[in-house]
Amino acid sequence: MNKHLPPGIFEAAADRYNTHKVLNQAQPANGFNAFTGDAVIRAAIYREAHWAADRCEALGALAGDENVQELARLANRHTPELKTHDRFGNRIDWVDFHPSWHELMSLAWKHEVPNLAWRTTEKNGHFARAVLSYLWNQVEQGTACPTGMAYASYAGFEAEPALAIWAEKSKGTKYEFSRREVGDKPSVVIGYAMTEKQGGSDLRETQTIAHYSHSGDYHGATAYWYELTGHKWFCSVPQSDGFFTLAKVAGEVTCFFLPRTLPDGSYNRFFVQRLKDKAGNKSNASSEVEYAGTLAIRVGEEGRGIREILSHAHLTRLDFAIGSAGLMRQSLTLAMRHTTTRNAFGTTIADRPMMTNVLADMAVEVEAATLMALRVAKATDLMVTSEHERLLARVATPTAKFFNCSRAPSIAYEALQCHGGNGFIEENPMARVYRESPLNSVWEGTANMMCMDVRRAMIKDSRTIDALFDEIKPLAGQDARFDALIQHTERLVRDAVGDEFLARPMTEAVARVLQGAELLRHSTQEVVDVFLSTRSPSVSGAWGSHYGTLAVTVTQAAAQKVMRRAMVAG
């Protein structure tokens with residue numbers, strides 16, 4: 001100690017430069033279970049597939065696990081890298097990922113996210129698998145792309161005898177990142193490569209061509225091999241073990257399955273030209289690919305490719321509808337945790353009356369979206385044995401895909417608003433969710449494509465309209481607001497069948513009436529009242545154009561009950 005300095009000078013200097021203490025920061029959203037803490041999804045599983053509750057609880061714990069959340073952050077921070085050649089100059093067309101991606105994929109496969117519907121012998125397997133997808137989309141959305149494609153692919157494998165081994169391997173639960181031939185692998189990852197730059201959603205404009213090559217034994221079945229030449233503008237998960245794709249044979253669009261590794265162990269001629277630099281979905285690799293003498297197995301008959309691939313589309317659309325509901329739920333969970341653990345103006349942010357209005361409004365939207373998607377999942381389980389369910393699924397699936405995927409960005413935006421500037425920082429998971437939220441609306445058909453599909457189904461088979469109203473009319477007479485919603489929907493359906501201009505408002509009305517019906521069946525009176533007081537055309541001035549504009553018919557006390565119902569403990 002310097003004897004010439006006054007006593008305590010160092011302590012005073014330390015206090016002088018201690019500029020602040022960290023106070024009143026929101027708690028991170030971890031330490032919760034996304035299944036047991038979610039009243040809506042928990043009740044749904046016990047109602048329809050109680051046998052899957054333990055699986056759902058185990059997966060739900062991952063969404064609130066701090067270490068798993070860190071894996072999601074790392075997978076999006078360290079993005080995939082294309083490796084076209086090895087160090088010796090050999091063409092390899094491979095993609096490198098951060099180890100966190102593989103850990104997440106291993107967790108998804110271990111918990112049967114891609115394949116529970118095909119593995120179980122219990123009833124309502126698609127419903128249970130939908131809940132797993134809902135939960136997984138709250139873990140990491142980039143890996144939800146390969147889980148969803150693997151889920152849909154089984155329909156194609158099951159229909160083609162030559163692909164029986166792929167059907168078997170698609171039910172595996174041990175993820176393996178390798179280029180081993182399918183017979184040597186415990187499970188497989190499947191991709192789709194349909195879209196071409198000149199056609200987009202119009203698959204009739206496919207320019208890739210295929211020529212018959214040979215037939216032969218393929219793992220105990222006869223496979224018909226063709227050589228493909230062409231270019232695909234979007235190919236997600238290009239490191240997959242195999243791909244469903246389209247090409248023209250003698251001018252007719254035909255479906256094919258393309259293994260990355262051929263039976264002799266050599267690599268197929270599958271050239272990854274570049275990875276897409278996307279606005280979101282950063283952890284997942286999307287690419288452009290070229291075929292040049294690429295070998296692929298024909299799936300179904302020549303010239304029936306679009307029909308064949310549409311048999312998978314019901315499952316991918318269901319997965320996007322339920323996945324967007326899960327993403328909306330994650331947005332709401334993050335908003336709830338932030339606003340209930342941070343104070344402003346003497347109370348928690350959540351208890352400020354305006355914020356209660358916002359959170360309650362968001363909670364109703366998320367619950368309605370979730371129940372509608374689950375109704376489609378239930379129809380998927382029953383559509384083979386019930387004509388009503390098959391016809392309902394034909395219009396309800398594209399409706400749910402359109403509406404949930406279109407609403408997810410609005411929920412993510414409002415959740416970000418709840419965080420303020422903290423939500424726009426990449427260290428906060430809210431930023432990633434915000435960037436992710438629009439993507440499902442453009443995968444597997446844009447909003448207009450879905451509305452066009454609903455209208456097309458109604459024109460082609462008017463029994464789909466009958467099935468829709470047979471589904472909701474047993475609930476008529478319970479609430480005048482719901483009756484008005486039915487009448488509004490009937491009028492728009494009738495008019496839209498004759499005029500494509502009305503296809504979008506018609507499809508939105510169909511979504512709202514399906515949501516209202518499911519809420520009447522399965523939710524609380526407070527939620528039903530808020531929904532019908534704001535989303536029904538019979539109530540004027542009760543809802544604005546943004547969340548948090550509940551008015552006139554909704555009290556603060558009712559909004560608080562709705563908000564508390566949506567809170568996840570932890």
# chains A, B, ... in the order shown; residues from 1 in each chain; ligands from 1
>>> residues_around(residues="region 306-313 of chain A", least_positions_apart="5", cutoff="7 Å", atoms="only C-alpha atoms", output="list of chain:residue names")
A:Ala152, A:Ser153, A:Ala155, A:Gly156, A:Val253, A:Cys255, A:Gly300
>>> select_by_dssp(residues="region 155-383 of chain A", states="strand (DSSP E or B)", output="count of residues only")
72
>>> residues_around(residues="Glu227 (chain A)", least_positions_apart="5", cutoff="12 Å", atoms="only C-alpha atoms", output="PyMOL selection string")
chain A and resi 208-215+247-249+256-258+268-270+291-298
>>> select_by_dssp(residues="region 116-323 of chain A", states="alpha helix (DSSP H)", output="MDAnalysis selection string")
chainID A and resid 116:119 125:136 144:159 164:169 305:323
>>> atom_distance(atom1="CA of Phe482 (chain A)", atom2="CA of Pro537 (chain A)")
9.2 Å
>>> residues_around(residues="Pro186 (chain A)", least_positions_apart="2", cutoff="8 Å", atoms="only C-alpha atoms", output="ChimeraX atom specification")
/A:169,172-176,184,188
>>> residues_around(residues="Thr464 (chain A)", least_positions_apart="5", cutoff="9 Å", atoms="only C-alpha atoms", output="list in words")
His388, Arg390, Leu391, Leu392, Ala393, Arg394, Val395, Ala457, Met458, Ile459 and Phe469 of chain A
>>> closest_atom_pairs(of="region 436-533 of chain A", to="region 402-423 of chain A", cutoff="9 Å", atoms="only C-alpha atoms", output="JSON lines")
{"residue": "A:Glu436", "atom": "CA", "partner": "A:Pro409", "partner_atom": "CA", "distance": 8.4}
{"residue": "A:Ser437", "atom": "CA", "partner": "A:Pro409", "partner_atom": "CA", "distance": 4.9}
{"residue": "A:Pro438", "atom": "CA", "partner": "A:Pro409", "partner_atom": "CA", "distance": 5.5}
{"residue": "A:Leu439", "atom": "CA", "partner": "A:Cys405", "partner_atom": "CA", "distance": 7.9}
{"residue": "A:Asn440", "atom": "CA", "partner": "A:Cys405", "partner_atom": "CA", "distance": 5.6}
{"residue": "A:Ser441", "atom": "CA", "partner": "A:Cys405", "partner_atom": "CA", "distance": 4.7}
{"residue": "A:Val442", "atom": "CA", "partner": "A:Cys405", "partner_atom": "CA", "distance": 8.5}
{"residue": "A:Gly445", "atom": "CA", "partner": "A:Phe402", "partner_atom": "CA", "distance": 8.7}
{"residue": "A:Thr446", "atom": "CA", "partner": "A:Phe402", "partner_atom": "CA", "distance": 7.5}
{"residue": "A:Ala447", "atom": "CA", "partner": "A:Phe402", "partner_atom": "CA", "distance": 5.1}
{"residue": "A:Asn448", "atom": "CA", "partner": "A:Phe402", "partner_atom": "CA", "distance": 8.1}
{"residue": "A:Met449", "atom": "CA", "partner": "A:Phe402", "partner_atom": "CA", "distance": 8.5}
{"residue": "A:Met450", "atom": "CA", "partner": "A:Phe402", "partner_atom": "CA", "distance": 5.7}
{"residue": "A:Cys451", "atom": "CA", "partner": "A:Phe402", "partner_atom": "CA", "distance": 7.0}
{"residue": "A:Thr507", "atom": "CA", "partner": "A:Phe403", "partner_atom": "CA", "distance": 8.1}
{"residue": "A:Glu508", "atom": "CA", "partner": "A:Phe403", "partner_atom": "CA", "distance": 6.7}
{"residue": "A:Ala511", "atom": "CA", "partner": "A:Phe403", "partner_atom": "CA", "distance": 6.7}
{"residue": "A:Arg512", "atom": "CA", "partner": "A:Phe403", "partner_atom": "CA", "distance": 9.0}
>>> closest_residue(among="A:Lys83, A:Leu492, A:Asn137, A:Ala117", to="Val272 (chain A)", atoms="only C-alpha atoms")
A:Lys83
>>> residues_around(residues="region 69-76 of chain A", least_positions_apart="3", cutoff="6 Å", atoms="only C-alpha atoms", output="PyMOL selection string")
chain A and resi 66+79+100-101+140+282-283
>>> closest_residue(among="A:Ala34, A:Val366, A:Val554, A:Ala49", to="Val530 (chain A)", atoms="only C-alpha atoms")
A:Val554
>>> atom_distance(atom1="CA of Gly305 (chain A)", atom2="CA of Glu252 (chain A)")
8.1 Å
>>> closest_atom_pairs(of="region 315-370 of chain A", to="region 520-529 of chain A", cutoff="12 Å", atoms="only C-alpha atoms", output="Markdown table")
| residue | atom | partner | partner_atom | distance |
| --- | --- | --- | --- | --- |
| A:Ala360 | CA | A:Val527 | CA | 8.8 |
| A:Asp361 | CA | A:Val527 | CA | 9.5 |
| A:Met362 | CA | A:Val527 | CA | 11.1 |
| A:Ala363 | CA | A:Val527 | CA | 8.7 |
| A:Val364 | CA | A:Val527 | CA | 6.2 |
| A:Glu365 | CA | A:Val527 | CA | 9.7 |
| A:Val366 | CA | A:Val527 | CA | 11.0 |
| A:Glu367 | CA | A:Ser523 | CA | 8.6 |
| A:Ala368 | CA | A:Ser523 | CA | 9.2 |
| A:Thr370 | CA | A:His522 | CA | 11.4 |
>>> write_last_selection(atoms="N, CA and C atoms", output="mmCIF file, in the first residue's frame")
data_model
loop_
_atom_site.group_PDB
_atom_site.id
_atom_site.type_symbol
_atom_site.label_atom_id
_atom_site.label_comp_id
_atom_site.auth_asym_id
_atom_site.auth_seq_id
_atom_site.Cartn_x
_atom_site.Cartn_y
_atom_site.Cartn_z
ATOM 1 N N ALA A 360 -53.895 -12.418 -24.305
ATOM 2 C CA ALA A 360 -55.132 -13.188 -24.399
ATOM 3 C C ALA A 360 -55.540 -13.368 -25.858
ATOM 4 N N ASP A 361 -55.421 -12.319 -26.641
ATOM 5 C CA ASP A 361 -55.764 -12.372 -28.062
ATOM 6 C C ASP A 361 -54.870 -13.377 -28.788
ATOM 7 N N MET A 362 -53.574 -13.324 -28.516
ATOM 8 C CA MET A 362 -52.649 -14.278 -29.116
ATOM 9 C C MET A 362 -52.963 -15.703 -28.685
ATOM 10 N N ALA A 363 -53.269 -15.885 -27.409
ATOM 11 C CA ALA A 363 -53.546 -17.227 -26.886
ATOM 12 C C ALA A 363 -54.751 -17.856 -27.569
ATOM 13 N N VAL A 364 -55.784 -17.066 -27.815
ATOM 14 C CA VAL A 364 -56.968 -17.579 -28.512
ATOM 15 C C VAL A 364 -56.605 -17.993 -29.936
ATOM 16 N N GLU A 365 -55.818 -17.176 -30.609
ATOM 17 C CA GLU A 365 -55.415 -17.497 -31.987
ATOM 18 C C GLU A 365 -54.601 -18.781 -32.034
ATOM 19 N N VAL A 366 -53.690 -18.962 -31.092
ATOM 20 C CA VAL A 366 -52.849 -20.161 -31.068
ATOM 21 C C VAL A 366 -53.687 -21.397 -30.762
ATOM 22 N N GLU A 367 -54.577 -21.304 -29.815
ATOM 23 C CA GLU A 367 -55.409 -22.465 -29.482
ATOM 24 C C GLU A 367 -56.303 -22.846 -30.654
ATOM 25 N N ALA A 368 -56.889 -21.871 -31.307
ATOM 26 C CA ALA A 368 -57.750 -22.151 -32.456
ATOM 27 C C ALA A 368 -56.959 -22.824 -33.576
ATOM 28 N N THR A 370 -54.219 -24.598 -33.284
ATOM 29 C CA THR A 370 -53.808 -25.932 -32.843
ATOM 30 C C THR A 370 -54.946 -26.928 -32.982
#
>>> closest_residue(among="A:Pro505, A:Gly216, A:Gly323, A:Gly516", to="Ser133 (chain A)", atoms="only C-alpha atoms")
A:Gly323
>>> residues_around(residues="region 377-381 of chain A", least_positions_apart="3", cutoff="7 Å", atoms="only C-alpha atoms", output="VMD selection string")
chain A and resid 124 to 127 130 318 373 to 374 389 to 390 393
>>> closest_residue(among="A:Tyr267, A:Tyr192, A:Phe243, A:Tyr434", to="Asn281 (chain A)", atoms="only C-alpha atoms")
A:Tyr434
>>> decode(residues="region 374-386 of chain A", atoms="N, CA and C atoms", output="compact mmCIF listing (two decimals), in the first residue's frame")
# COMPACT_ATOMS: atom_id res chain seq x y z
N LEU A 374 -55.16 -30.27 -35.42
CA LEU A 374 -55.38 -31.59 -34.84
C LEU A 374 -56.63 -32.26 -35.39
N ARG A 375 -57.63 -31.45 -35.77
CA ARG A 375 -58.82 -32.05 -36.40
C ARG A 375 -58.45 -32.66 -37.75
N VAL A 376 -57.54 -32.02 -38.49
CA VAL A 376 -57.07 -32.59 -39.74
C VAL A 376 -56.31 -33.89 -39.47
N ALA A 377 -55.50 -33.91 -38.41
CA ALA A 377 -54.76 -35.13 -38.07
C ALA A 377 -55.73 -36.27 -37.73
N LYS A 378 -56.80 -35.97 -37.01
CA LYS A 378 -57.79 -36.99 -36.69
C LYS A 378 -58.47 -37.50 -37.95
N ALA A 379 -58.79 -36.59 -38.87
CA ALA A 379 -59.39 -37.00 -40.15
C ALA A 379 -58.44 -37.90 -40.93
N THR A 380 -57.14 -37.63 -40.85
CA THR A 380 -56.14 -38.45 -41.53
C THR A 380 -56.15 -39.88 -41.00
N ASP A 381 -56.32 -40.04 -39.71
CA ASP A 381 -56.42 -41.38 -39.13
C ASP A 381 -57.65 -42.13 -39.59
N LEU A 382 -58.74 -41.40 -39.84
CA LEU A 382 -60.03 -42.04 -40.12
C LEU A 382 -60.41 -42.07 -41.59
N MET A 383 -59.64 -41.41 -42.45
CA MET A 383 -60.09 -41.23 -43.83
C MET A 383 -60.16 -42.52 -44.63
N VAL A 384 -59.42 -43.55 -44.23
CA VAL A 384 -59.48 -44.83 -44.95
C VAL A 384 -60.80 -45.55 -44.68
N THR A 385 -61.35 -45.38 -43.49
CA THR A 385 -62.56 -46.11 -43.10
C THR A 385 -63.82 -45.26 -43.11
N SER A 386 -63.69 -43.94 -43.23
CA SER A 386 -64.85 -43.05 -43.17
C SER A 386 -64.88 -42.12 -44.37
